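Visitor: Starting off with a structure, shown below.
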Amino acid sequence: MAEMWISMGPQHPMTHGLWTLKVKVDGETVVDTEPDLGYIHRGVEKICEARDFTQITTYCDRLCYASANTWSHSYIYAAEDLLEVEVPERAEYIRLMAIEIQRIASHLMWLGAYGPDIGNLSVMVWCLREREMMMDLLQELGGSRMHYNFPRVGGVKRDLPHGFAQRARAKLKLFLNRIQEYEALFDESTVFLVRSQGVGYAKPEEMVNHGVTGPNLRAGGVNYDIRWAHPYSVYSELDWEPPVERSSIKGADCYDRYRVRVEEMRVSASLALQALDKMPGGADTHHEPGDPMILAKAPARAPEGTTGAHHFEDSRGESMFYIAGGGESRGKQPYRVSIRSPIFITIPFAAKCMIGYKVADIPAIMGSFDPCIGETDR
Amino acid sequence: MGKIVPIKTQRAEADKLAAAISEIDGVEAEVAERVSGTNPRPVVLGNSSPESWRTLAEKLHSEHGVDYCSMVTGVHWPEGDEDKKWEIVYHLMRTGIRNPPIEDGLVQPVIVDPSTVRGSGTPLELELHVYLPETRTPSVDSVQDIWVGADWNEKETWDLVGIDFDGHQGMRRVLQPHETPKGFHPLQKQHHLRYHDFQDMYDDSQGFMRKPADAGKIK
Amino acid sequence: MIHMASGDWLNIVGWSESLTSWSMDNVHDILPSNDIDMQVTIPSTWAWPEPITMGPIFNLQQGFASIQPALESFMHATIMCTVVFTVMMLTMLAIPYIERKFIGRLMDRLGATTTMRSLWVGESGVTAGEWWKQLPFGMGIPIGWVVNLLNSYWGNSHELETVSRVNNRSYHGYWFLLPGFFQAFADFMKFATKEHIVPKNADKVVFETAPVIILATTIMVFAFVPFGPHIYAANPELSLLFMMAIFGVAPLGVFFAGWASNNKYTLIGGMRSAAQLTAYEIPLLITVLGVAVLSGSFNIIEIVDFQMGQNEGNVWNIFLLPLGAALFLITMIAEVERIPFDMPEAEAELVEGWWTEYGGIRWGLMFAAEYMRSYAACILFALFFLGGWEAPFQHTLAGLPIVGGTFETVFTVVPGLVWVLIKAWLLFAVFVWIRASLHRVRTDQILEFGWRYLLPLSVVNLVVATILRLEVWTGEPWDLWVPVALTLAALVLFVILAIDEDEEALEVQRRPYSTQAVVKASPGSHRD
């Protein structure tokens, strides 16, 4: 059969999100790919130039809706760099806990979508039920199920609700038991191993040059993580190590990327539990909103010519905000907000990874890189 | 306790790198400190002239092990200094990553102990600014072949800000539709946001009717 | 005709035959029996000397008598086809119901709200609630005792109000199984009323023909499948061959559908399907051939009779050919394109695969055809391997000293149809179980599996069947040691292959490049 271009998307059950992947196939083999993004480009960078620093947090949640907390914190750290605010330690612990719980929820969403890509329908329902638990926790913290608008420049707005620590511990411990069920469904299924091993190889140096970081990179056998390389928050106070996979000789395949994320869920759960234990002032004390223990006073204006930047370890890689201060409203609004999305850079790389494999491997490979189009298109 | 890269090591390495690249013509670099929240971290902050950008980029990649391009940002300063109307900010990083070795047919993962990194394996952050004077066709050398991660970043910068990249293969619109009119780059400052609030956008409280001024223009 | 060894009181074929012969005889008797002379005699003229007689002598009754057998069999066939089709469609209503309910339970797993467990556990009072109190006349009070007893053993600690907060479908009242029963009807109504859209550049003739081929061949299969000892539409001597031949025509329809839709996705899906179905036809046929060889006949009813035997010692084929049963199961799952073999219609890549462009009743009927084929596969498995309409341990139970009489009565009263259906439905639950737990195998892996592993195994199965029939079978019912030995051998092999003896070695084997997480997370790892 001759070569032909197939267009997967923009409406397609496999593409997690709204984008097009044009694939040139020769029979069943993929010969060339061309990704096409931008379907939900909402112009967030331009909008942010007309918003106060506090108002921008809401937009950042909606960048990657599956992993909202990590994005708003990514922005907040950059804003704190710009406005030169020192954050109280308790707020950092609360933030860390929120970030790690969000990481778990994001990975659960990924796993729940990856199963049906490969053909297993049950795991979607199972993962989403656990995600419900995490979303309940985050709802208690932030007020809504998906877009929390949780941090503020200088700390967090509200402290942990009463009884939150007990509920969080119960849910996280329950979750740690449940992970074994997902692993049983995947690791002990020969069909899954046959589908995901030997597919979509990528080597670490190649990945780094292409701009891919995060779990995709750690699946290749290197333990690079922004949380220790360019440290922020209180990760140095907690006992953790980023999970790494021993990849195959040809590079990291889909199975490695899957395993890394499962181990990451465990690490994140442990981090959240440790944060609860080590919270200054105790996890059961409650401070009123605006208390200096949880929120430091932040200047509302950024002087002209200052910049703030922060690299952040998002669930999907390295996300980054660069804010140039001193806007039209005499500094209350930034001049330029620039957002780096890990998936924006990973998708072309994943598209390159697919060449040479079969059409049936496309969802396996694409899904294993965990695309979330909200952050891609901004 | 969780190990992190000690800040002294990073600062020493940053100083070394800043000194090394300041020797290139047209480049000035220093080590600044960024504080996000509680942790300060050293950043190599550099200014490069557009002519020496390519040389600097190649030197960074080949001699100093900068292997990761994080972001390429374009900023438009219509009210800036004479020769600083356009700014391109490159965020690069040195990750110190090597392919893990293979022994006995098994890959041995590289587990770096952050507290013991030294020398050229130390992770470093770089922020390099390139300024362009007033021009209708801002353009700077592309580093697409040095760091492939810059590829789509450069496409996005051109698409949204309008800064072109010399030598970039396959430049096209990535975030805006393919048929966006030539010369339309929304993040330039002459384009203003039309609305600030939803009250500006709609004529009724529920958001069905557009304002009379927008009738027929948009859905 | 076929000599049938088994039977029960639900003799629909017999009733239909006697009905038709009775009615035809009546018609015969009513018809006038006198000769009607309609001859025309042309008198002789100078051109022909003898008078010419032309024309028939009608005897209506005799004329009718000559066509009566044909009429009888036609009427009988019509009646039986209608009956069998109705039985099939009515009993098939259980199939999507089983699928929906069972998959729902599997997917919700621990959540006590939607499993049967929700009937007795009340988690923080938000589950089914104390539904037994709604039963009239206080009938629910003993149920309440049972529930409290069960809760004391298998209740759960109420700190887990976290669990199953969502999907908290509480069935109030005792109609807990009926919700969802009419979903199948509603679905079909929806399909029936949708618009018929043909893609613009599609090949219209082929596009319309494909669903007809698929549906027609699927329904024709049921003509040869006996639902009970006397419920079948047709029973030729080689019913097995004929049925398998018709079963195998559907891939042609699938390929037509994939090609005619003028869509690259459906083309890929159609080709995948054609390749997969062809690859799995052959092991299927060889396996079925093994069964036929063992049972000594190509007639399905005789195969069932072979399993039922005359008296003690009869054995179901599954214990004689366990490998064959497993092969039949796997190849049938591939033939009906269910997960794990549903690559041709994989939603993740191909939207709906070869039937993407079909809408409305055509899609509805093809979807129904897929379920009909699964149903046919389940019934065939029950007939070939599970003894058909024989109750489990029928002869043994009937021969028990004291209670044997009760069992004998039960077995006489319950028609064979019931056992067939129970076995088929249970097997369908196994299909659903497999669907819920396994991933989709890639097409080239499916083909490799079929050609390289199943085909040789099916030949092995054929050899085993031949040896059993020629060497071991003595014409008498089987000695007990034969099926026991075979089943034990199969079980032992299965256990050996399934158990991971050496963790390290198996790790290396299963994961080609020995992937392992080197740094396990702090809270301890799952498997060491």
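Letters A, B, ... mark the chains of the structure tokens in the order given; residue numbers begin at 1 per chain; ligand numbers begin at 1, in order shown.
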Could you give me, as JSON, numbers by chain, each residue of segment 32-147 of chain B that DSSP assigns to strand (DSSP E) when run on this structure's backbone?
Guide: {"B": [32, 33, 34, 35, 36, 39, 40, 41, 42, 43, 44, 45, 46, 47, 48, 68, 69, 70, 71, 72, 73, 74, 75, 76, 86, 87, 88, 89, 90, 91, 92, 93, 94, 102, 103, 106, 107, 124, 125, 126, 127, 128, 129, 130, 131, 132, 139, 140, 141]}
Visitor: For chain A, which residues have at least one atom within 8 Å of chain C, if we go by only C-alpha atoms? Write them as number ranges by chain, please.
Guide: A: 6, 8, 12-14, 28, 115-123, 125-126, 129, 132-133, 171, 180, 185, 189-195, 197, 240-249, 256, 259-260, 263-264, 266-267, 270, 359-363
Visitor: Within 10 Å of chain C, which residues of chain B are there when counting only C-alpha atoms? Please give them as a PDB file with N, CA, C and O atoms, in the first residue's frame.
Guide:
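Full text of iface-v7.pdb as output:
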```pdb
ATOM      1  N   GLY B 105      25.487  -5.782  29.677  1.00  0.00           N
ATOM      2  CA  GLY B 105      24.188  -5.768  29.019  1.00  0.00           C
ATOM      3  C   GLY B 105      23.089  -5.082  29.812  1.00  0.00           C
ATOM      4  O   GLY B 105      21.940  -5.108  29.415  1.00  0.00           O
ATOM      5  N   LEU B 106      23.438  -4.498  30.944  1.00  0.00           N
ATOM      6  CA  LEU B 106      22.436  -3.790  31.740  1.00  0.00           C
ATOM      7  C   LEU B 106      22.837  -2.340  31.845  1.00  0.00           C
ATOM      8  O   LEU B 106      24.010  -2.012  32.027  1.00  0.00           O
ATOM      9  N   VAL B 107      21.841  -1.499  31.775  1.00  0.00           N
ATOM     10  CA  VAL B 107      22.124  -0.068  31.927  1.00  0.00           C
ATOM     11  C   VAL B 107      22.302   0.236  33.405  1.00  0.00           C
ATOM     12  O   VAL B 107      21.502  -0.178  34.234  1.00  0.00           O
ATOM     13  N   GLN B 108      23.362   0.909  33.734  1.00  0.00           N
ATOM     14  CA  GLN B 108      23.581   1.314  35.125  1.00  0.00           C
ATOM     15  C   GLN B 108      23.117   2.750  35.278  1.00  0.00           C
ATOM     16  O   GLN B 108      23.752   3.665  34.775  1.00  0.00           O
ATOM     17  N   PRO B 109      22.017   2.971  35.965  1.00  0.00           N
ATOM     18  CA  PRO B 109      21.532   4.344  36.065  1.00  0.00           C
ATOM     19  C   PRO B 109      22.515   5.236  36.789  1.00  0.00           C
ATOM     20  O   PRO B 109      23.250   4.791  37.671  1.00  0.00           O
ATOM     21  N   ILE B 111      23.094   7.799  39.288  1.00  0.00           N
ATOM     22  CA  ILE B 111      22.467   8.444  40.439  1.00  0.00           C
ATOM     23  C   ILE B 111      23.448   9.466  40.974  1.00  0.00           C
ATOM     24  O   ILE B 111      24.456   9.132  41.587  1.00  0.00           O
TER      25      ILE B 111
END
```
Visitor: Tell me, as an mmCIF file with N, CA, C and O atoms, in the first residue's frame, which residues lie within 12 Å of Ala91 of chain A, counting only C-alpha atoms; anything in the same chain fewer than 3 positions away does not count.
Guide:
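Final output, selection_27.cif:
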```cif
data_model
loop_
_atom_site.group_PDB
_atom_site.id
_atom_site.type_symbol
_atom_site.label_atom_id
_atom_site.label_comp_id
_atom_site.auth_asym_id
_atom_site.auth_seq_id
_atom_site.Cartn_x
_atom_site.Cartn_y
_atom_site.Cartn_z
ATOM 1 N N HIS A 73 1.837 27.497 41.413
ATOM 2 C CA HIS A 73 3.033 27.689 42.247
ATOM 3 C C HIS A 73 4.224 28.075 41.404
ATOM 4 O O HIS A 73 5.072 28.867 41.838
ATOM 5 N N GLU A 86 9.943 37.414 50.947
ATOM 6 C CA GLU A 86 10.391 36.221 51.652
ATOM 7 C C GLU A 86 9.182 35.517 52.230
ATOM 8 O O GLU A 86 8.351 36.126 52.890
ATOM 9 N N VAL A 87 9.110 34.242 51.973
ATOM 10 C CA VAL A 87 7.904 33.498 52.330
ATOM 11 C C VAL A 87 8.118 32.805 53.661
ATOM 12 O O VAL A 87 9.163 32.206 53.880
ATOM 13 N N PRO A 88 7.147 32.831 54.566
ATOM 14 C CA PRO A 88 7.307 32.121 55.835
ATOM 15 C C PRO A 88 7.383 30.619 55.622
ATOM 16 O O PRO A 88 6.834 30.065 54.670
ATOM 17 N N ILE A 94 3.120 24.147 53.477
ATOM 18 C CA ILE A 94 1.763 23.940 52.975
ATOM 19 C C ILE A 94 1.792 23.852 51.454
ATOM 20 O O ILE A 94 1.145 23.009 50.827
ATOM 21 N N ARG A 95 2.585 24.737 50.855
ATOM 22 C CA ARG A 95 2.659 24.708 49.397
ATOM 23 C C ARG A 95 3.229 23.397 48.894
ATOM 24 O O ARG A 95 2.750 22.810 47.933
ATOM 25 N N LEU A 96 4.287 22.938 49.564
ATOM 26 C CA LEU A 96 4.901 21.697 49.115
ATOM 27 C C LEU A 96 3.909 20.564 49.167
ATOM 28 O O LEU A 96 3.804 19.757 48.257
ATOM 29 N N MET A 97 3.140 20.523 50.236
ATOM 30 C CA MET A 97 2.169 19.461 50.347
ATOM 31 C C MET A 97 1.132 19.553 49.230
ATOM 32 O O MET A 97 0.778 18.558 48.602
ATOM 33 N N ALA A 98 0.680 20.771 48.976
ATOM 34 C CA ALA A 98 -0.311 20.930 47.912
ATOM 35 C C ALA A 98 0.283 20.521 46.567
ATOM 36 O O ALA A 98 -0.369 19.863 45.756
ATOM 37 N N PHE A 150 -4.648 28.719 44.626
ATOM 38 C CA PHE A 150 -4.299 28.457 46.017
ATOM 39 C C PHE A 150 -3.224 29.380 46.590
ATOM 40 O O PHE A 150 -3.434 29.968 47.635
ATOM 41 N N PRO A 151 -2.075 29.538 45.936
ATOM 42 C CA PRO A 151 -1.056 30.327 46.611
ATOM 43 C C PRO A 151 -1.253 31.825 46.382
ATOM 44 O O PRO A 151 -1.954 32.244 45.481
ATOM 45 N N ARG A 152 -0.633 32.622 47.232
ATOM 46 C CA ARG A 152 -0.617 34.067 47.051
ATOM 47 C C ARG A 152 0.832 34.499 47.048
ATOM 48 O O ARG A 152 1.694 33.815 47.580
ATOM 49 N N VAL A 153 1.077 35.669 46.498
ATOM 50 C CA VAL A 153 2.446 36.159 46.518
ATOM 51 C C VAL A 153 2.825 36.427 47.966
ATOM 52 O O VAL A 153 2.261 37.289 48.610
ATOM 53 N N GLY A 154 3.737 35.653 48.476
ATOM 54 C CA GLY A 154 4.128 35.817 49.872
ATOM 55 C C GLY A 154 3.674 34.689 50.760
ATOM 56 O O GLY A 154 4.004 34.672 51.934
ATOM 57 N N GLY A 155 2.947 33.732 50.246
ATOM 58 C CA GLY A 155 2.530 32.632 51.107
ATOM 59 C C GLY A 155 1.268 31.990 50.579
ATOM 60 O O GLY A 155 1.088 31.840 49.373
ATOM 61 N N VAL A 156 0.422 31.631 51.503
ATOM 62 C CA VAL A 156 -0.873 31.087 51.104
ATOM 63 C C VAL A 156 -1.948 31.883 51.804
ATOM 64 O O VAL A 156 -1.732 32.465 52.858
ATOM 65 N N LYS A 157 -3.119 31.885 51.192
ATOM 66 C CA LYS A 157 -4.168 32.720 51.751
ATOM 67 C C LYS A 157 -4.748 32.104 53.017
ATOM 68 O O LYS A 157 -4.904 32.760 54.033
ATOM 69 N N ARG A 158 -5.084 30.839 52.923
ATOM 70 C CA ARG A 158 -5.713 30.210 54.082
ATOM 71 C C ARG A 158 -4.876 29.041 54.562
ATOM 72 O O ARG A 158 -4.209 28.384 53.794
ATOM 73 N N ASP A 159 -4.987 28.813 55.831
ATOM 74 C CA ASP A 159 -4.229 27.725 56.448
ATOM 75 C C ASP A 159 -4.976 26.410 56.222
ATOM 76 O O ASP A 159 -6.045 26.374 55.638
ATOM 77 N N LEU A 160 -4.385 25.329 56.751
ATOM 78 C CA LEU A 160 -5.038 24.038 56.616
ATOM 79 C C LEU A 160 -6.336 24.050 57.402
ATOM 80 O O LEU A 160 -6.380 24.516 58.529
ATOM 81 N N SER A 233 11.813 25.955 47.625
ATOM 82 C CA SER A 233 10.918 25.451 48.662
ATOM 83 C C SER A 233 11.716 24.639 49.686
ATOM 84 O O SER A 233 12.928 24.801 49.815
ATOM 85 N N VAL A 234 11.070 23.792 50.414
ATOM 86 C CA VAL A 234 11.727 23.124 51.533
ATOM 87 C C VAL A 234 12.032 21.668 51.229
ATOM 88 O O VAL A 234 12.008 20.827 52.125
ATOM 89 N N ALA A 275 5.621 16.314 54.951
ATOM 90 C CA ALA A 275 5.355 17.747 55.128
ATOM 91 C C ALA A 275 4.338 17.961 56.230
ATOM 92 O O ALA A 275 4.436 18.902 57.024
ATOM 93 N N LEU A 276 3.356 17.083 56.272
ATOM 94 C CA LEU A 276 2.375 17.201 57.350
ATOM 95 C C LEU A 276 3.030 17.012 58.704
ATOM 96 O O LEU A 276 2.712 17.710 59.668
ATOM 97 N N MET A 279 5.458 20.142 59.659
ATOM 98 C CA MET A 279 4.985 21.511 59.463
ATOM 99 C C MET A 279 5.301 22.361 60.689
ATOM 100 O O MET A 279 4.957 21.981 61.800
ATOM 101 N N PRO A 280 5.926 23.494 60.496
ATOM 102 C CA PRO A 280 6.197 24.354 61.656
ATOM 103 C C PRO A 280 4.900 24.854 62.263
ATOM 104 O O PRO A 280 4.037 25.351 61.567
ATOM 105 N N GLY A 281 4.779 24.662 63.543
ATOM 106 C CA GLY A 281 3.529 25.019 64.184
ATOM 107 C C GLY A 281 2.559 23.855 64.233
ATOM 108 O O GLY A 281 1.502 23.966 64.821
ATOM 109 N N ALA A 283 0.545 20.488 62.178
ATOM 110 C CA ALA A 283 -0.446 20.454 61.106
ATOM 111 C C ALA A 283 -1.849 20.701 61.617
ATOM 112 O O ALA A 283 -2.762 20.900 60.840
ATOM 113 N N HIS A 287 -4.291 29.005 61.420
ATOM 114 C CA HIS A 287 -4.104 30.455 61.509
ATOM 115 C C HIS A 287 -5.126 31.141 60.637
ATOM 116 O O HIS A 287 -5.556 30.622 59.612
ATOM 117 N N PRO A 289 -6.692 33.787 57.988
ATOM 118 C CA PRO A 289 -6.132 34.262 56.722
ATOM 119 C C PRO A 289 -5.417 35.599 56.914
ATOM 120 O O PRO A 289 -5.916 36.481 57.582
ATOM 121 N N GLY A 290 -4.268 35.672 56.333
ATOM 122 C CA GLY A 290 -3.519 36.907 56.457
ATOM 123 C C GLY A 290 -2.533 36.903 57.608
ATOM 124 O O GLY A 290 -1.752 37.833 57.750
ATOM 125 N N ASP A 291 -2.552 35.845 58.392
ATOM 126 C CA ASP A 291 -1.606 35.750 59.508
ATOM 127 C C ASP A 291 -0.189 35.702 58.954
ATOM 128 O O ASP A 291 0.081 35.005 57.986
ATOM 129 N N PRO A 292 0.724 36.443 59.573
ATOM 130 C CA PRO A 292 2.093 36.435 59.016
ATOM 131 C C PRO A 292 2.767 35.076 59.042
ATOM 132 O O PRO A 292 3.769 34.895 58.367
ATOM 133 N N MET A 293 2.221 34.120 59.802
ATOM 134 C CA MET A 293 2.816 32.785 59.749
ATOM 135 C C MET A 293 2.613 32.139 58.395
ATOM 136 O O MET A 293 3.349 31.241 58.012
ATOM 137 N N ILE A 294 1.580 32.537 57.704
ATOM 138 C CA ILE A 294 1.327 31.900 56.425
ATOM 139 C C ILE A 294 1.373 32.867 55.255
ATOM 140 O O ILE A 294 1.338 32.452 54.115
ATOM 141 N N LEU A 295 1.407 34.107 55.507
ATOM 142 C CA LEU A 295 1.399 35.045 54.388
ATOM 143 C C LEU A 295 2.251 36.239 54.765
ATOM 144 O O LEU A 295 1.999 36.898 55.753
ATOM 145 N N ALA A 296 3.270 36.474 53.937
ATOM 146 C CA ALA A 296 4.112 37.638 54.182
ATOM 147 C C ALA A 296 3.587 38.806 53.367
ATOM 148 O O ALA A 296 2.980 38.619 52.317
ATOM 149 N N GLY B 37 10.937 32.727 47.089
ATOM 150 C CA GLY B 37 10.452 32.197 48.357
ATOM 151 C C GLY B 37 11.546 32.240 49.390
ATOM 152 O O GLY B 37 11.876 33.287 49.928
ATOM 153 N N THR B 38 12.173 31.117 49.626
ATOM 154 C CA THR B 38 13.151 31.063 50.697
ATOM 155 C C THR B 38 14.571 30.797 50.219
ATOM 156 O O THR B 38 15.499 31.118 50.925
#
```
Visitor: Find the spatial neighbours of Phe184 of chain B, counting only C-alpha atoms, within a cut-off of 12 Å - ignore same-chain residues fewer than 5 positions away - and output them as number ranges by chain.
Guide: B: 158-163, 173, 176-179, 189-191
Visitor: Between atom CA of Ile402 of chain C and atom CA of Trp478 of chain C, what is the distance, to one decimal in Å?
Guide: 25.7 Å
